[in-house]
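Enquirer: The following block contains the structure, expressed as structure tokens.
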2 protein chains.
Amino acid sequence: MAEKVTIATVARHAQVSRQTVSNVLNAPHIVREETRRRVQEAISALGYRANQAARQMRTGRSRLIAVRIEPTRDGINGSVLDRFLHGLTETADAAGYRVMLYTARDDDQEIATYDDLLGAYDLDAFVLTGTKHGDPRTAWLAEREVPFVTFGRPWDALDGHPWVDVDGAAGTAQVTRHLLDAGHQRIAFLGWPAGSGVGDDRYAGWRTTMTAAGHDVAGLRRESEDGIAEGERELRDLLAHDVPPTAVVCASDSLALGALQAARDSAAPVAVVGFDDTPVAAAVGLSSVSQPLSAAAARCVDLLTTLLDGQPTDHRVLLTPTLVLRHTA
Amino acid sequence: MAEKVTIATVARHAQVSRQTVSNVLNAPHIVREETRRRVQEAISALGYRANQAARQMRTGRSRLIAVRIEPTRDGINGSVLDRFLHGLTETADAAGYRVMLYTARDDDQEIATYDDLLGAYDLDAFVLTGTKHGDPRTAWLAEREVPFVTFGRPWDALDGHPWVDVDGAAGTAQVTRHLLDAGHQRIAFLGWPAGSGVGDDRYAGWRTTMTAAGHDVAGLRRESEDGIAEGERELRDLLAHDVPPTAVVCASDSLALGALQAARDSAAPVAVVGFDDTPVAAAVGLSSVSQPLSAAAARCVDLLTTLLDGQPTDHRVLLTPTLVLRHTA
DNA sequence: CCAGAAACTTTGAACGATCTAATCCTGCCC
DNA sequence: GGGCAGGATTAGATCGTTCAAAGTTTCTGG
């Protein structure tokens with residue numbers, strides 16, 4: 001094994017001092033052109049790589065971002081976080097940051113983990129997912145002035161932290177408009193119980209578009225927990241009515257997949273559109289709203305890096321999802 | 001914000017030297033009972049947490065494990081890695097290690113990333129997933145004596161590195177036995193093209209059990225790429241034969257989900273069993289073989305920690321999956 | 001040709017932990 | 001009471017980097 005290559009090795013090799021090498025790396029503009037080139041050559045010749053531990057000890061910055069990985073409750077929706085995580089890892093990588101994982105059972109434990117991670121690893125920032133009303137985590141982090149970004153907007157108006165989110169209402173609105181254009185009149189909505197920010201948002205897009213087009217939405221909305229069985233049950237129930245809907249907008253692919261089962265048994269055809277464009281939807285041919293997850297992840301990293309560089313940023317980023325049409329609508 | 005608590009702060013508070021505090025943390029047995037207690041009290045009173053960066057610089061060990069996160073090719077099977085990752089994060093946490101992520105497009109890039117991570121972060125170990133024939137990654141790591149464990153056995157007999165895997169053959173054998181016991185005689189197998197270690201393994205369990213029970217397997221096996229559409233196509237094809245199978249063992253839940261579609265249209269009932277017990281299977285009521293992913297992750301961490309402590313271990317761990325019965329078999 | 005500024009480079013200290021080696025006890029034996 | 005073993009504790013050096021301050025060279029203008 002080759003002996004360790006430190007900044008001193010490079011300095012000797014390039015016939016300059018350690019500090020000059022350090023300057024080439026961290027503030028290239030203050031080093032003379034010719035010296036810089038010589039140092040750069042020495043670096044690549046020796047295969048030098050800065051030791052992050054030493055750098056971190058001195059600067060207090062670790063170039064490490066922490067992200068929570070959730071227990072997969074529902075495999076279908078779980079893939080959303082999975083893809084987000086992948087995008088995050090990739091863009092963070094490009095920006096010179098690494099992603100560190102942690103798990104937590106509940107908010108209290110998650111906050112305890114923050115404390116742990118900050119103490120032991122000097123983490124630079126956190127990315128939170130799945131924000132909800134009255135989130136204690138954001139308050140804790142904000143109080144300690146720890147940089148963080150949430151994927152998911154704060155549902156309480158008072159929170160002023162940076163966030164990135166996908167405009168769910170715009171997504172369902174787009175779906176509804178598409179169905180209206182296709183001639184549908186009675187378009188139902190299958191969503192989650194009121195109170196979850198994300199669910200309410202997706203519901204709003206449908207309702208607004210329907211009423212704007214002059215359609216009555218009474219009796220066309222169903223609420224249930226997320227799940228395939230639930231989706232099937234709710235649509236079956238809706239179809240049993242006097243004037244059944246001819247199309248249904250769903251708040252998730254799980255619900256849509258269930259709805260698809262119910263639709264198959266129906267006499268009249270029923271258009272079904274899901275949300276999240278999970279790979280399962282792609283495989284089954286289910287039309288769905290696709291969240292720009294890579295872009296969202298990239299924006300999260302963008303916000304964090306500018307934040308960490310001490311520059312001010314426009315705190316909020318709202319991305320528009322796109323409708324992916326397949327066989328079911 | 002409270003001022004930084006270092007080992008020196010604790011030492012002053014407990015009226016001992018820095019080294020004694022360090023000993024309490026790293027070699028408690030050489031410190032006198034009473035002193036140890038006093039130091040422990042100071043630690044918790046001050047909320048001291050060892051700075052990993054400083055520790056790492058001195059010891060060269062980072063208490064960091066790197067794991068690759070793959071682009072989700074198939075959302076259904078992707079959840080397997082997701083759950084493994086969750087288990088890994090949890091057990092690593094308990095053992096005092098953290099999980100760091102990285103991505104890579106291909107083997108070469110992955111190896112370049114190893115080099116990067118080792119140079120910059122002094123990673124302690126790697127966990128590789130998805131081993132295949134002639135894997136260049138294991139060779140690279142072994143050559144440099146970097147500790148690593150693979151989730152998935154080495155399919156080339158010569159590799160002697162530590163690994164954890166799930167006995168796929170035992171899984172399909174169990175399924176086949178169950179179906180035989182239930183009175184089925186013509187049991188088909190839907191698998192992947194020969195050559196992938198995992199696929200061949202799962203196929204072997206079915207074939208061995210069938211022939212051991214005196215059944216001819218000719219014409220009962222189908223091969224295709226993974227996917228729902230592929231599963232449907234293959235089973236439909238099988239069912240069109242003179243003497244159609246009454247049950248089918250699948251190498252994945254994706255294939256099984258497709259098979260389920262085909263089975264629904266069949267005149268005679270066809271039992272279907274998948275593999276991996278993904279949440280989709282649970283939602284749809286598909287019987288499936290469940291991999292003990294948390295246990296696998298735990299064993300990976302076990303192997304790594306003993307490896308890192310310089311102790312010898314039994315290199316191989318083969319876990320047995322369990323059959324989860326639902327509606328479809 | 002020299003003062004003074006500007007540009008660049010060097011030196012020594014510091015970050016917070018661990019390692020090595022030296023010192024201090026304490027008890028025990030002769 | 002002196003000598004000594006052996007455990008418990010301490011002091012000083014060190015890991016690789018960046019910061020702060022001091023040093024050196026180069027350039028400019030009078």
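Simple scheme: letters A, B, ... for chains in structure tokens order, numbers from 1 for residues in each chain, numbers from 1 for ligands in the order shown.
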List every residue of region 131-290 of chain A that DSSP, applied to the backbone of this structure, places in strand (DSSP E), and write the result as a PyMOL selection string.
Expert: chain A and resi 148-151+163-166+187-191+221-223+247-250+271-275+287-290
Enquirer: Counting only C-alpha atoms (C1' of nucleotides), collect the residues of chain D whose closest atom lies at most 7 Å from chain A, and write them out as a list in words.
Expert: DG16, DT17 and DT18 of chain D
Enquirer: Give me every alpha helix (DSSP H) residue in region 220-266 of chain B, going by DSSP on the backbone, as a PyMOL selection string.
Expert: chain B and resi 228-239+253-264
Enquirer: Generate a file of the selected residues that holds C-alpha atoms, formatted as an mmCIF file, in the first residue's frame.
Expert:
```cif
data_model
loop_
_atom_site.group_PDB
_atom_site.id
_atom_site.type_symbol
_atom_site.label_atom_id
_atom_site.label_comp_id
_atom_site.auth_asym_id
_atom_site.auth_seq_id
_atom_site.Cartn_x
_atom_site.Cartn_y
_atom_site.Cartn_z
ATOM 1 C CA ILE B 228 -45.780 -7.544 -14.666
ATOM 2 C CA ALA B 229 -46.517 -7.641 -18.377
ATOM 3 C CA GLU B 230 -43.977 -10.418 -18.866
ATOM 4 C CA GLY B 231 -45.523 -12.488 -16.086
ATOM 5 C CA GLU B 232 -48.973 -12.183 -17.603
ATOM 6 C CA ARG B 233 -47.756 -13.116 -21.056
ATOM 7 C CA GLU B 234 -45.866 -16.179 -19.905
ATOM 8 C CA LEU B 235 -48.636 -17.644 -17.800
ATOM 9 C CA ARG B 236 -51.217 -16.975 -20.487
ATOM 10 C CA ASP B 237 -49.000 -18.924 -22.814
ATOM 11 C CA LEU B 238 -48.638 -21.800 -20.364
ATOM 12 C CA LEU B 239 -52.379 -21.956 -19.788
ATOM 13 C CA ASP B 253 -43.740 -10.530 -7.136
ATOM 14 C CA SER B 254 -43.713 -8.607 -10.406
ATOM 15 C CA LEU B 255 -43.991 -11.805 -12.399
ATOM 16 C CA ALA B 256 -46.551 -13.138 -9.941
ATOM 17 C CA LEU B 257 -48.677 -10.024 -10.220
ATOM 18 C CA GLY B 258 -48.765 -10.459 -13.966
ATOM 19 C CA ALA B 259 -49.495 -14.144 -13.582
ATOM 20 C CA LEU B 260 -52.382 -13.224 -11.332
ATOM 21 C CA GLN B 261 -53.945 -11.224 -14.148
ATOM 22 C CA ALA B 262 -53.689 -14.196 -16.492
ATOM 23 C CA ALA B 263 -54.988 -16.557 -13.832
ATOM 24 C CA ARG B 264 -58.082 -14.436 -13.348
#
```
Enquirer: Chain A residues within 7 Å of chain B, counting only C-alpha atoms: which ones, as a count of residues only?
Expert: 33
Enquirer: In Å to one decimal, how far is CA of Gly310 (chain A) from CA of Thr138 (chain A)?
Expert: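 The value is 19.4 Å.
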Enquirer: Counting only C-alpha atoms (C1' of nucleotides), what is within 12 Å of DA5 (chain C), bar same-chain residues fewer than 5 positions away, as an MDAnalysis selection string?
Expert: chainID D and resid 26:29
Enquirer: Could you save the residues just selected, with N, CA and C atoms (P, O5', C5', C4', C3', O3' and C1' of nucleotides), as an mmCIF file, in the first residue's frame?
Expert:
```cif
data_model
loop_
_atom_site.group_PDB
_atom_site.id
_atom_site.type_symbol
_atom_site.label_atom_id
_atom_site.label_comp_id
_atom_site.auth_asym_id
_atom_site.auth_seq_id
_atom_site.Cartn_x
_atom_site.Cartn_y
_atom_site.Cartn_z
ATOM 1 P P DT D 26 10.828 37.788 -7.377
ATOM 2 O "O5'" DT D 26 9.641 38.787 -7.711
ATOM 3 C "C5'" DT D 26 8.291 38.312 -7.738
ATOM 4 C "C4'" DT D 26 7.363 39.476 -8.043
ATOM 5 C "C3'" DT D 26 7.827 40.360 -9.200
ATOM 6 O "O3'" DT D 26 6.759 40.518 -10.116
ATOM 7 C "C1'" DT D 26 7.300 41.686 -7.306
ATOM 8 P P DC D 27 6.976 41.311 -11.516
ATOM 9 O "O5'" DC D 27 6.204 42.679 -11.229
ATOM 10 C "C5'" DC D 27 4.871 42.621 -10.706
ATOM 11 C "C4'" DC D 27 4.460 44.003 -10.232
ATOM 12 C "C3'" DC D 27 4.687 45.114 -11.269
ATOM 13 O "O3'" DC D 27 3.461 45.798 -11.469
ATOM 14 C "C1'" DC D 27 5.516 45.741 -9.136
ATOM 15 P P DT D 28 3.287 46.769 -12.760
ATOM 16 O "O5'" DT D 28 3.249 48.202 -12.078
ATOM 17 C "C5'" DT D 28 2.365 48.435 -10.960
ATOM 18 C "C4'" DT D 28 2.739 49.734 -10.285
ATOM 19 C "C3'" DT D 28 3.072 50.870 -11.267
ATOM 20 O "O3'" DT D 28 2.109 51.902 -11.108
ATOM 21 C "C1'" DT D 28 4.661 50.743 -9.491
ATOM 22 P P DG D 29 2.030 53.111 -12.106
ATOM 23 O "O5'" DG D 29 2.693 54.276 -11.254
ATOM 24 C "C5'" DG D 29 2.308 54.446 -9.871
ATOM 25 C "C4'" DG D 29 3.276 55.409 -9.216
ATOM 26 C "C3'" DG D 29 3.596 56.651 -10.069
ATOM 27 O "O3'" DG D 29 3.687 57.771 -9.195
ATOM 28 C "C1'" DG D 29 5.590 55.536 -9.536
#
```
Enquirer: Please provide as a list in words all residues within 8 Å of region 19-30 of chain C, with the sequence filter that same-chain residues fewer than 4 positions apart are discarded (counting only C-alpha atoms (C1' of nucleotides)).
Expert: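 Neighbouring residues, sequence-local ones excluded: DA8, DT9 and DT10 of chain D.
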Enquirer: Would you save the residues from that selection as a PDB file, in the first residue's frame, using N, CA and C atoms (P, O5', C5', C4', C3', O3' and C1' of nucleotides)?
Expert:
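Just written: result_23.pdb:
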```
ATOM      1  P    DA D   8      -6.468  -0.488  37.806  1.00  0.00           P
ATOM      2  O5'  DA D   8      -6.078   1.036  38.044  1.00  0.00           O
ATOM      3  C5'  DA D   8      -6.090   1.562  39.374  1.00  0.00           C
ATOM      4  C4'  DA D   8      -5.653   3.005  39.342  1.00  0.00           C
ATOM      5  C3'  DA D   8      -6.454   3.905  38.393  1.00  0.00           C
ATOM      6  O3'  DA D   8      -6.847   5.050  39.116  1.00  0.00           O
ATOM      7  C1'  DA D   8      -4.141   4.104  37.937  1.00  0.00           C
ATOM      8  P    DT D   9      -7.796   6.168  38.399  1.00  0.00           P
ATOM      9  O5'  DT D   9      -6.705   7.172  37.841  1.00  0.00           O
ATOM     10  C5'  DT D   9      -5.915   7.930  38.759  1.00  0.00           C
ATOM     11  C4'  DT D   9      -4.830   8.663  38.028  1.00  0.00           C
ATOM     12  C3'  DT D   9      -5.292   9.676  36.988  1.00  0.00           C
ATOM     13  O3'  DT D   9      -5.138  10.976  37.524  1.00  0.00           O
ATOM     14  C1'  DT D   9      -3.347   8.476  36.298  1.00  0.00           C
ATOM     15  P    DT D  10      -5.495  12.269  36.626  1.00  0.00           P
ATOM     16  O5'  DT D  10      -4.073  12.583  35.994  1.00  0.00           O
ATOM     17  C5'  DT D  10      -2.949  12.847  36.828  1.00  0.00           C
ATOM     18  C4'  DT D  10      -1.729  13.136  35.973  1.00  0.00           C
ATOM     19  C3'  DT D  10      -1.906  14.255  34.950  1.00  0.00           C
ATOM     20  O3'  DT D  10      -0.900  15.229  35.140  1.00  0.00           O
ATOM     21  C1'  DT D  10      -0.975  12.325  33.926  1.00  0.00           C
TER      22       DT D  10
END
```
Enquirer: Which residues of chain C sit at most 10 Å from chain B, using only C-alpha atoms (C1' of nucleotides)? Give each one's shortest atom pair and distance in Å (one decimal place), in chain and ascending residue order, as a Markdown table.
Expert:
```
| residue | atom | partner | partner_atom | distance |
| --- | --- | --- | --- | --- |
| C:DC15 | C1' | B:Ala54 | CA | 8.1 |
| C:DG16 | C1' | B:Ala54 | CA | 5.1 |
| C:DA17 | C1' | B:Arg55 | CA | 4.7 |
| C:DT18 | C1' | B:Arg58 | CA | 5.8 |
| C:DC19 | C1' | B:Arg58 | CA | 8.6 |
```
Enquirer: Write out, as a PDB file, in the first residue's frame, the residues just selected, with C-alpha atoms (C1' of nucleotides).
Expert:
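Result file follows (out_15.pdb):
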```pdb
ATOM      1  C1'  DC C  15      -9.115  22.101  16.252  1.00  0.00           C
ATOM      2  C1'  DG C  16     -10.342  17.570  19.810  1.00  0.00           C
ATOM      3  C1'  DA C  17      -9.404  13.337  20.214  1.00  0.00           C
ATOM      4  C1'  DT C  18      -5.886   9.148  21.066  1.00  0.00           C
ATOM      5  C1'  DC C  19      -1.196   7.113  21.608  1.00  0.00           C
TER       6       DC C  19
END
```
Enquirer: Within 8 Å of Val249 (chain B), counting only C-alpha atoms (C1' of nucleotides), which residues show up once you throw out same-chain ones fewer than 2 positions away? Write them as number ranges by chain, please.
Expert: B: 172, 175-176, 187-190, 206, 247, 251, 256, 272-274
Enquirer: Generate a file of the selected residues that holds N, CA and C atoms, formatted as a PDB file, in the first residue's frame.
Expert:
```pdb
ATOM      1  N   THR B 172     -38.277 -21.376  -2.731  1.00  0.00           N
ATOM      2  CA  THR B 172     -39.124 -21.951  -3.774  1.00  0.00           C
ATOM      3  C   THR B 172     -39.427 -23.414  -3.487  1.00  0.00           C
ATOM      4  N   VAL B 175     -42.333 -23.438  -1.164  1.00  0.00           N
ATOM      5  CA  VAL B 175     -43.554 -23.136  -1.903  1.00  0.00           C
ATOM      6  C   VAL B 175     -44.032 -24.377  -2.652  1.00  0.00           C
ATOM      7  N   THR B 176     -43.087 -24.992  -3.355  1.00  0.00           N
ATOM      8  CA  THR B 176     -43.435 -26.154  -4.168  1.00  0.00           C
ATOM      9  C   THR B 176     -43.987 -27.281  -3.297  1.00  0.00           C
ATOM     10  N   ILE B 187     -47.187 -28.109 -11.457  1.00  0.00           N
ATOM     11  CA  ILE B 187     -46.794 -26.826 -10.868  1.00  0.00           C
ATOM     12  C   ILE B 187     -45.736 -26.192 -11.762  1.00  0.00           C
ATOM     13  N   ALA B 188     -46.043 -25.021 -12.315  1.00  0.00           N
ATOM     14  CA  ALA B 188     -45.118 -24.368 -13.234  1.00  0.00           C
ATOM     15  C   ALA B 188     -44.171 -23.422 -12.496  1.00  0.00           C
ATOM     16  N   PHE B 189     -43.143 -22.994 -13.196  1.00  0.00           N
ATOM     17  CA  PHE B 189     -42.203 -22.020 -12.631  1.00  0.00           C
ATOM     18  C   PHE B 189     -41.972 -20.885 -13.623  1.00  0.00           C
ATOM     19  N   LEU B 190     -42.160 -19.670 -13.128  1.00  0.00           N
ATOM     20  CA  LEU B 190     -41.904 -18.481 -13.944  1.00  0.00           C
ATOM     21  C   LEU B 190     -40.648 -17.809 -13.424  1.00  0.00           C
ATOM     22  N   TRP B 206     -37.340 -25.131  -6.978  1.00  0.00           N
ATOM     23  CA  TRP B 206     -38.555 -25.699  -7.572  1.00  0.00           C
ATOM     24  C   TRP B 206     -38.260 -27.031  -8.262  1.00  0.00           C
ATOM     25  N   ALA B 247     -50.938 -24.552 -10.822  1.00  0.00           N
ATOM     26  CA  ALA B 247     -50.272 -23.644  -9.887  1.00  0.00           C
ATOM     27  C   ALA B 247     -48.990 -23.151 -10.523  1.00  0.00           C
ATOM     28  N   ALA B 251     -40.541 -16.224  -9.634  1.00  0.00           N
ATOM     29  CA  ALA B 251     -39.255 -15.782  -9.100  1.00  0.00           C
ATOM     30  C   ALA B 251     -39.328 -14.379  -8.514  1.00  0.00           C
ATOM     31  N   ALA B 256     -45.367 -12.545 -10.553  1.00  0.00           N
ATOM     32  CA  ALA B 256     -46.551 -13.138  -9.941  1.00  0.00           C
ATOM     33  C   ALA B 256     -47.775 -12.252 -10.138  1.00  0.00           C
ATOM     34  N   VAL B 272     -51.139 -18.996  -7.433  1.00  0.00           N
ATOM     35  CA  VAL B 272     -49.964 -18.204  -7.784  1.00  0.00           C
ATOM     36  C   VAL B 272     -49.204 -17.836  -6.507  1.00  0.00           C
ATOM     37  N   VAL B 273     -47.897 -17.991  -6.535  1.00  0.00           N
ATOM     38  CA  VAL B 273     -47.073 -17.568  -5.403  1.00  0.00           C
ATOM     39  C   VAL B 273     -45.908 -16.726  -5.924  1.00  0.00           C
ATOM     40  N   GLY B 274     -45.668 -15.612  -5.254  1.00  0.00           N
ATOM     41  CA  GLY B 274     -44.598 -14.719  -5.674  1.00  0.00           C
ATOM     42  C   GLY B 274     -43.354 -14.874  -4.822  1.00  0.00           C
TER      43      GLY B 274
END
```
Enquirer: What lies within 10 Å of Ala142 (chain B) using only C-alpha atoms (C1' of nucleotides), ignoring chain neighbours under 4 positions off, as a list in words?
Expert: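 Counting only the stated atoms, we get Arg137, Thr138, Val146, Pro147, Phe148, Asp159, Gly160 and His161 of chain B.
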Enquirer: Let me make sure I understand: among B:Asp106, B:Val270, B:His315, B:Trp155, which one has the smallest atom-to-atom distance to Gly195 (chain B) if we use only C-alpha atoms?
Expert: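 Ranking B:Asp106, B:Val270, B:His315, B:Trp155 by distance to Gly195 (chain B), first place goes to B:Trp155.
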Enquirer: Which residues, written as a list of chain:residue names, have at least one atom at most 10 Å from DT10 (chain C), with only C-alpha atoms (C1' of nucleotides) counted and residues fewer than 4 positions away on the same chain left out?
Expert: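 Those residues are A:Val16, A:Ser17, A:Arg18, A:Gln19, A:Thr20, D:DA22, D:DG23, D:DT24.
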